[in-house]
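Undergrad: To start, I am sharing the structure in question, which I have written as structure tokens.
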Amino acid sequence: MISYIIRRILATIPLLLVVVTISFVLVRLAPGDPVEVRLGIYASEMTVQAMREEMGLNKPLWSQYFDFLGGLVRGDFGRSLINQRAISAELGYALPYTLELTFAGMILGIIFGLPLGIWAALRRNSLPDYGGRIFSLAGLSLPSFYLGILLMLLFSVKLRLFPVVGGGDIHNLGDKLYHLFLPALTLGLIQASYITRVSRSSVLNILGEEYVKTARSKGLKERTVIYKHVLKNALIPIISLIGVYSIVLIGGSVMVEIVFSRPGLAKMMIGALKGRDYTVLQSVLVIYASFVVIINLLTDLACRLVDPRIKLSKRER
Amino acid sequence: MMILVSILAPWISPHDILEQDVFHRFTPPERSHLLGTDAFGRDILSRMLWGLRISLIIGFFSTLSGMIIGTGLGMVAGYTGGKVEAVVMRAMDILMSFPGEVLGVIIMVSLGAGLPNVMIAIAILLTPRYARLAYASTLSLKERDYISAARAIGLTDLRIITRHILPNIFGELLVMSTLWMGTAIRLEANLSFLGLGVPPPMPTLGNMVRAGVNRLALAPWISVFPGLAIMIIILGLSTLGDGLRDITDPKLHV
């Protein structure tokens, strides 16, 4: 198992390298120039040159690229082109907000979605099933920013129960949770609709299998059949699909952070876009993509934990 | 129904979409403005009908281009195998490793705002999905006898791909397209909401929601109705897609 984990982690390195390269290139493709953003269009040629030098933008691209890469290996993202602050520190501030939000969203999604999906499948074509299907269809159709707005209207504007915007006081856990609730609920409900759908269909698939019929005809208690035979087997596709949908979750977190004006990676990204702050932007991109890579890794490991039949060779094309 | 409404938008809109009326700013829904007016006194219903039209146009064309490029890449990768397969599918994996919203934002910033650019960005986001689908289906078809037969009688690869593989995966592609058109419309709404989509004053459902966000307490209708329209289109498309899938997939009839 340990060697598997190590091999699997090593396998993600080339992917991460490509991701870093692409982030670097994409960011520089964007029209606009950080020097111009900082100095305005009327700056003299000499000032512009001096500023370019100061920002390190006069170096050839490949040298900027290797500086970035070398820094990353040491865990250093460099400095912001606009305000000269260390990006690692900025990320250290923003990242926890985004992680809290996505994590809370994921947990809420699983808490709502998994039981609802299983329940819907076990009572197929009954009231819970229709309820579950309508819930998941509604969640799949609602853009996350719109759900956020609706919840904000209901809870903050009409009922005045929760704050409208912000991330809360960092040193006050209660206040933080209070600010986290609505954004996390928004993400959680959307995630729950995906999870309801996959858990319903994978439980239904397993219920149709021969070995479930066999178990039933052996006279096993329904409870045993469901827990030992159905749920255990249904879990594998559910886990791997939850992994897939966490990409949706991360995308949703971008929108939700913006709607609720929470501090976090999305705010950092949008700010950096406006200032053409290449170094901040490429760092944020790398972080987002690493999320996805890490989640895929964890999903694989979780699947393997549940199902020892899966071998590295099969998973790793 | 939604498609019909959006085609007819220019004729059935009760008011001009750009007509400003400073005396009727933030009018709540009433008889002359069924869904109210926005910060410039513009009629929400008329703007919504136009926004719907633009969303559907973007959804349709970006899905179509994503389908053409993605399917082409996927089929070629699946059929030829080897290095082409490795390069194409790896590239698709990498595109998929950025969350849609993040990649969409970056592409829009590189291209600049505007209607054609939104379509390009969304098409790029949808391409890997089609490529994976087409790739997987092509792999399973490749080993069939009739493909070997076609190759044995000396048909060119291009002909085999277009005449023998494409028709067999087309149904599946079409079903997924209805679902993914919903995704495209959602992505468009996301981008517009972030202010990176089609620039105002042209109405899109996303930028209309955005316009009302800061005035939720005062005039919730500005955001709520256009958002509802986004939800209804996506809901319609996914119901249609699910229905089509149930009809075309015999495995689900157990």
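Ordered as shown in the structure tokens, chains take letters A, B, and onward, while each chain numbers its residues from 1 and ligands are numbered from 1 in the order shown.
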Using only C-alpha atoms, which protein or nucleic acid residues come within 9 Å of Asp157 of chain B? Drop anything in the same chain fewer than 5 positions from it, and give the result as an MDAnalysis selection string.
TA: chainID B and resid 79:80 151 162
Undergrad: When the cut-off is 7 Å and we count only C-alpha atoms, which residues of chain A are near chain B, given as a ChimeraX atom specification?
TA: /A:19,29-31,137,141-143,146,153,157,247-248,250-251,288-289,292-293
Undergrad: Create the file for the chosen residues now, containing N, CA and C atoms and written as an mmCIF file, in the first residue's frame.
TA:
data_model
loop_
_atom_site.group_PDB
_atom_site.id
_atom_site.type_symbol
_atom_site.label_atom_id
_atom_site.label_comp_id
_atom_site.auth_asym_id
_atom_site.auth_seq_id
_atom_site.Cartn_x
_atom_site.Cartn_y
_atom_site.Cartn_z
ATOM 1 N N VAL A 19 1.023 21.393 -15.849
ATOM 2 C CA VAL A 19 0.053 22.362 -15.359
ATOM 3 C C VAL A 19 0.741 23.695 -15.054
ATOM 4 N N LEU A 29 -0.379 35.118 -22.064
ATOM 5 C CA LEU A 29 -1.082 35.338 -23.329
ATOM 6 C C LEU A 29 -2.049 36.515 -23.213
ATOM 7 N N ALA A 30 -2.477 36.780 -21.972
ATOM 8 C CA ALA A 30 -3.498 37.801 -21.784
ATOM 9 C C ALA A 30 -2.982 39.154 -22.251
ATOM 10 N N PRO A 31 -3.825 39.900 -22.981
ATOM 11 C CA PRO A 31 -3.411 41.233 -23.391
ATOM 12 C C PRO A 31 -3.330 42.129 -22.154
ATOM 13 N N LEU A 137 -32.395 17.179 -9.693
ATOM 14 C CA LEU A 137 -32.580 17.892 -10.952
ATOM 15 C C LEU A 137 -32.526 19.408 -10.723
ATOM 16 N N SER A 141 -29.606 22.120 -12.111
ATOM 17 C CA SER A 141 -29.954 23.215 -13.019
ATOM 18 C C SER A 141 -29.633 24.593 -12.445
ATOM 19 N N LEU A 142 -29.444 24.667 -11.139
ATOM 20 C CA LEU A 142 -29.217 25.969 -10.521
ATOM 21 C C LEU A 142 -27.746 26.352 -10.612
ATOM 22 N N PRO A 143 -27.431 27.455 -11.249
ATOM 23 C CA PRO A 143 -26.036 27.903 -11.170
ATOM 24 C C PRO A 143 -25.731 28.266 -9.715
ATOM 25 N N TYR A 146 -26.471 31.751 -8.472
ATOM 26 C CA TYR A 146 -27.883 32.084 -8.334
ATOM 27 C C TYR A 146 -28.464 31.505 -7.047
ATOM 28 N N LEU A 153 -30.974 36.179 -0.174
ATOM 29 C CA LEU A 153 -32.237 36.912 -0.086
ATOM 30 C C LEU A 153 -33.080 36.398 1.068
ATOM 31 N N VAL A 157 -31.487 38.841 3.834
ATOM 32 C CA VAL A 157 -32.280 40.042 3.595
ATOM 33 C C VAL A 157 -33.637 39.951 4.269
ATOM 34 N N ILE A 247 -14.372 18.595 -8.722
ATOM 35 C CA ILE A 247 -13.915 19.632 -9.652
ATOM 36 C C ILE A 247 -15.026 20.664 -9.828
ATOM 37 N N VAL A 248 -16.256 20.149 -9.936
ATOM 38 C CA VAL A 248 -17.409 21.044 -9.997
ATOM 39 C C VAL A 248 -17.475 21.887 -8.720
ATOM 40 N N ILE A 250 -15.008 22.819 -6.767
ATOM 41 C CA ILE A 250 -13.994 23.872 -6.740
ATOM 42 C C ILE A 250 -14.396 25.013 -7.667
ATOM 43 N N GLY A 251 -14.920 24.650 -8.844
ATOM 44 C CA GLY A 251 -15.417 25.679 -9.751
ATOM 45 C C GLY A 251 -16.522 26.488 -9.085
ATOM 46 N N TYR A 288 -5.098 25.978 -7.882
ATOM 47 C CA TYR A 288 -6.376 25.399 -8.290
ATOM 48 C C TYR A 288 -6.176 24.047 -8.965
ATOM 49 N N ALA A 289 -5.210 23.999 -9.900
ATOM 50 C CA ALA A 289 -5.009 22.749 -10.621
ATOM 51 C C ALA A 289 -4.471 21.672 -9.685
ATOM 52 N N VAL A 292 -7.180 19.817 -7.941
ATOM 53 C CA VAL A 292 -7.821 18.769 -8.732
ATOM 54 C C VAL A 292 -6.936 17.528 -8.755
ATOM 55 N N VAL A 293 -5.636 17.747 -8.951
ATOM 56 C CA VAL A 293 -4.719 16.608 -8.998
ATOM 57 C C VAL A 293 -4.731 15.863 -7.662
#
Undergrad: If we count only C-alpha atoms, what is near Ile68 of chain B at a cut-off of 12 Å, once residues fewer than 4 positions away on the same chain are taken out, given as JSON, numbers by chain?
TA: {"B": [61, 62, 63, 64, 72, 73, 74, 75, 123, 124, 126, 127, 128, 129, 130, 131, 134, 166, 170, 173, 174, 177]}
Undergrad: Would you write out those residues with C-alpha atoms, as a JSON list (two decimals), in the first residue's frame?
TA:
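File written: selection.json
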[["chain", "number", "residue", "atom", "x", "y", "z"],
["B", 61, "PHE", "CA", -22.86, 27.31, -31.12],
["B", 62, "SER", "CA", -20.32, 26.64, -28.39],
["B", 63, "THR", "CA", -21.68, 23.14, -27.88],
["B", 64, "LEU", "CA", -21.63, 22.56, -31.62],
["B", 72, "GLY", "CA", -12.81, 14.71, -34.17],
["B", 73, "LEU", "CA", -9.87, 14.59, -31.77],
["B", 74, "GLY", "CA", -11.37, 11.76, -29.74],
["B", 75, "MET", "CA", -12.14, 9.59, -32.75],
["B", 123, "ALA", "CA", -16.17, 25.47, -26.77],
["B", 124, "ILE", "CA", -12.65, 24.95, -25.40],
["B", 126, "LEU", "CA", -16.45, 21.39, -23.67],
["B", 127, "THR", "CA", -13.91, 19.92, -26.10],
["B", 128, "PRO", "CA", -12.25, 17.48, -23.66],
["B", 129, "ARG", "CA", -15.62, 16.06, -22.63],
["B", 130, "TYR", "CA", -16.50, 15.24, -26.22],
["B", 131, "ALA", "CA", -13.00, 13.95, -26.86],
["B", 134, "ALA", "CA", -15.74, 9.84, -28.60],
["B", 166, "LEU", "CA", -19.20, 8.47, -36.52],
["B", 170, "PHE", "CA", -23.67, 9.97, -33.14],
["B", 173, "LEU", "CA", -23.09, 12.39, -28.81],
["B", 174, "LEU", "CA", -26.44, 13.97, -29.47],
["B", 177, "SER", "CA", -25.05, 17.43, -26.30]]
Undergrad: Report, in Å with one decimal, the straight-line distance from atom CA of Ser156 of chain A to atom CA of Met106 of chain A.
TA: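 Distance between the two atoms: 22.6 Å.
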Undergrad: May I ask which of the residues A:Ile195, A:Ile206, A:Ile294, A:Val254 is the closest one to Ala11 of chain A, counting only C-alpha atoms?
TA: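 When distances to Ala11 of chain A are compared using only C-alpha atoms, the smallest one comes from A:Ile294.
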Undergrad: For Pro128 of chain A, list every protein, DNA or RNA residue within 12 Å, evaluated using only C-alpha atoms, and leave out those in the same chain fewer than 2 positions away; present the list as a PyMOL selection string.
TA: chain A and resi 115-126+130-135+196+200
Undergrad: Those selected residues, please, written with C-alpha atoms and delivered as a PDB file, in the first residue's frame.
TA:
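Dumped everything to part_1.pdb:
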ATOM      1  CA  PRO A 115     -28.557   9.156   2.484  1.00  0.00           C
ATOM      2  CA  LEU A 116     -31.074  10.792   0.181  1.00  0.00           C
ATOM      3  CA  GLY A 117     -29.713   8.961  -2.863  1.00  0.00           C
ATOM      4  CA  ILE A 118     -29.603   5.603  -1.103  1.00  0.00           C
ATOM      5  CA  TRP A 119     -33.058   6.102   0.350  1.00  0.00           C
ATOM      6  CA  ALA A 120     -34.446   7.080  -3.063  1.00  0.00           C
ATOM      7  CA  ALA A 121     -32.941   3.973  -4.657  1.00  0.00           C
ATOM      8  CA  LEU A 122     -34.223   1.596  -1.984  1.00  0.00           C
ATOM      9  CA  ARG A 123     -37.738   3.017  -2.262  1.00  0.00           C
ATOM     10  CA  ARG A 124     -37.738   3.229  -6.019  1.00  0.00           C
ATOM     11  CA  ASN A 125     -40.776   4.957  -7.580  1.00  0.00           C
ATOM     12  CA  SER A 126     -42.117   6.065  -4.246  1.00  0.00           C
ATOM     13  CA  TYR A 130     -39.497  11.384  -6.627  1.00  0.00           C
ATOM     14  CA  GLY A 131     -38.410  13.851  -3.963  1.00  0.00           C
ATOM     15  CA  GLY A 132     -34.772  12.868  -4.420  1.00  0.00           C
ATOM     16  CA  ARG A 133     -35.000  13.111  -8.193  1.00  0.00           C
ATOM     17  CA  ILE A 134     -36.628  16.515  -8.142  1.00  0.00           C
ATOM     18  CA  PHE A 135     -34.057  17.723  -5.619  1.00  0.00           C
ATOM     19  CA  THR A 196     -27.873  12.108  -4.638  1.00  0.00           C
ATOM     20  CA  ARG A 200     -29.167   6.581  -6.363  1.00  0.00           C
TER      21      ARG A 200
END
Undergrad: Name the residues in contact with Thr98 of chain A at a cut-off of 12 Å, using only C-alpha atoms, excluding same-chain residues fewer than 6 positions from it; report them as a VMD selection string.
TA: chain A and resid 91 to 92 104 to 105 167 180 183 to 184 187 249 to 258 261 to 268 284 287 to 288 291
Undergrad: Take the residues from that selection and put them in a file with N, CA and C atoms, as a short mmCIF file (atom, residue, chain, number, x, y, z; two decimals), in the first residue's frame.
TA:
data_model
loop_
_atom_site.label_atom_id
_atom_site.label_comp_id
_atom_site.auth_asym_id
_atom_site.auth_seq_id
_atom_site.Cartn_x
_atom_site.Cartn_y
_atom_site.Cartn_z
N LEU A 91 -1.15 33.74 -0.20
CA LEU A 91 -1.83 32.45 -0.34
C LEU A 91 -2.15 31.88 1.03
N GLY A 92 -1.20 32.06 1.95
CA GLY A 92 -1.40 31.57 3.31
C GLY A 92 -2.62 32.20 3.96
N ALA A 104 -16.30 22.31 3.85
CA ALA A 104 -17.63 22.34 4.46
C ALA A 104 -18.70 22.00 3.42
N GLY A 105 -18.50 22.51 2.19
CA GLY A 105 -19.46 22.22 1.13
C GLY A 105 -19.51 20.73 0.84
N GLY A 167 -15.86 37.37 5.40
CA GLY A 167 -15.31 36.09 5.83
C GLY A 167 -15.31 35.93 7.34
N LEU A 180 -19.42 31.46 7.44
CA LEU A 180 -19.21 30.34 6.52
C LEU A 180 -20.52 29.68 6.14
N PRO A 183 -22.45 30.45 2.47
CA PRO A 183 -21.68 30.00 1.31
C PRO A 183 -21.52 28.48 1.29
N ALA A 184 -21.26 27.89 2.46
CA ALA A 184 -21.08 26.44 2.50
C ALA A 184 -22.38 25.73 2.17
N LEU A 187 -22.83 25.77 -1.66
CA LEU A 187 -22.02 24.75 -2.32
C LEU A 187 -22.51 23.35 -1.97
N LEU A 249 -17.16 21.22 -7.61
CA LEU A 249 -17.20 21.89 -6.31
C LEU A 249 -16.21 23.06 -6.28
N ILE A 250 -15.01 22.82 -6.77
CA ILE A 250 -13.99 23.87 -6.74
C ILE A 250 -14.40 25.01 -7.67
N GLY A 251 -14.92 24.65 -8.84
CA GLY A 251 -15.42 25.68 -9.75
C GLY A 251 -16.52 26.49 -9.08
N GLY A 252 -17.41 25.77 -8.38
CA GLY A 252 -18.51 26.44 -7.70
C GLY A 252 -17.99 27.38 -6.62
N SER A 253 -16.89 26.98 -5.97
CA SER A 253 -16.37 27.81 -4.88
C SER A 253 -15.92 29.17 -5.42
N VAL A 254 -15.45 29.18 -6.68
CA VAL A 254 -15.05 30.46 -7.28
C VAL A 254 -16.24 31.40 -7.29
N MET A 255 -17.38 30.88 -7.80
CA MET A 255 -18.57 31.72 -7.93
C MET A 255 -19.10 32.13 -6.55
N VAL A 256 -19.13 31.16 -5.64
CA VAL A 256 -19.72 31.44 -4.33
C VAL A 256 -18.87 32.47 -3.58
N GLU A 257 -17.55 32.35 -3.69
CA GLU A 257 -16.70 33.33 -3.02
C GLU A 257 -16.96 34.74 -3.54
N ILE A 258 -17.19 34.82 -4.86
CA ILE A 258 -17.45 36.13 -5.43
C ILE A 258 -18.81 36.67 -4.98
N SER A 261 -18.66 37.75 -1.49
CA SER A 261 -17.46 38.57 -1.25
C SER A 261 -16.60 38.01 -0.12
N ARG A 262 -16.38 36.70 -0.17
CA ARG A 262 -15.51 36.11 0.85
C ARG A 262 -14.06 36.27 0.42
N PRO A 263 -13.18 36.46 1.38
CA PRO A 263 -11.77 36.41 1.00
C PRO A 263 -11.46 34.97 0.57
N GLY A 264 -10.49 34.82 -0.31
CA GLY A 264 -10.15 33.47 -0.77
C GLY A 264 -9.43 33.53 -2.09
N LEU A 265 -9.21 32.34 -2.66
CA LEU A 265 -8.45 32.27 -3.91
C LEU A 265 -9.13 33.01 -5.05
N ALA A 266 -10.48 32.92 -5.09
CA ALA A 266 -11.20 33.52 -6.21
C ALA A 266 -11.00 35.04 -6.21
N LYS A 267 -11.07 35.62 -5.04
CA LYS A 267 -10.89 37.06 -4.93
C LYS A 267 -9.48 37.44 -5.36
N MET A 268 -8.51 36.61 -4.93
CA MET A 268 -7.13 36.84 -5.31
C MET A 268 -6.97 36.77 -6.82
N VAL A 284 -1.99 31.24 -8.35
CA VAL A 284 -3.35 30.83 -8.03
C VAL A 284 -3.78 29.69 -8.95
N ILE A 287 -2.32 26.49 -7.85
CA ILE A 287 -2.99 25.97 -6.66
C ILE A 287 -4.32 25.31 -7.03
N TYR A 288 -5.10 25.98 -7.88
CA TYR A 288 -6.38 25.40 -8.29
C TYR A 288 -6.18 24.05 -8.97
N PHE A 291 -5.23 21.32 -6.61
CA PHE A 291 -6.40 20.81 -5.91
C PHE A 291 -6.96 19.61 -6.64
#
Undergrad: If you run DSSP on the backbone here, which positions in segment 68-232 of chain A get alpha helix (DSSP H)? Please write them as a ChimeraX atom specification.
TA: /A:68-73,87-122,127-141,144-151,173-207,210-217,222-224,232
Undergrad: Using atom CA of Leu220 of chain A and atom CA of Ile238 of chain A as the two end points, give the distance in Å to one decimal.
TA: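 Atom CA of Leu220 of chain A sits 24.8 Å away from atom CA of Ile238 of chain A.
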Undergrad: By how many Å are atom CA of Ile69 of chain B and atom CA of Val20 of chain A apart?
TA: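 Interatomic distance, atom CA of Ile69 of chain B to atom CA of Val20 of chain A: 25.0 Å.
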Undergrad: Between B:Tyr146, B:Trp180, B:Trp50, B:Tyr135, which residue has the minimum interatomic distance to Gly66 of chain B, considering only C-alpha atoms?
TA: B:Trp180
Undergrad: Identify, on the basis of only C-alpha atoms, every residue whose closest approach to Ala302 of chain A does not exceed 10 Å; exclude the query and any residue fewer than 5 positions from it along the same chain; express the result as a PyMOL selection string.
TA: chain A and resi 236+239-240+243+296-297+307
Undergrad: For Met176 of chain B, which of B:Gly114, B:Gly82, B:Gly243, B:Pro203 is the closest residue, counting only C-alpha atoms?
TA: B:Gly243
Undergrad: From the set B:Val175, B:Ala113, B:Leu240, B:Met92, which residue has the shortest atom-to-atom contact distance to Gly195 of chain B, counting only C-alpha atoms?
TA: B:Ala113
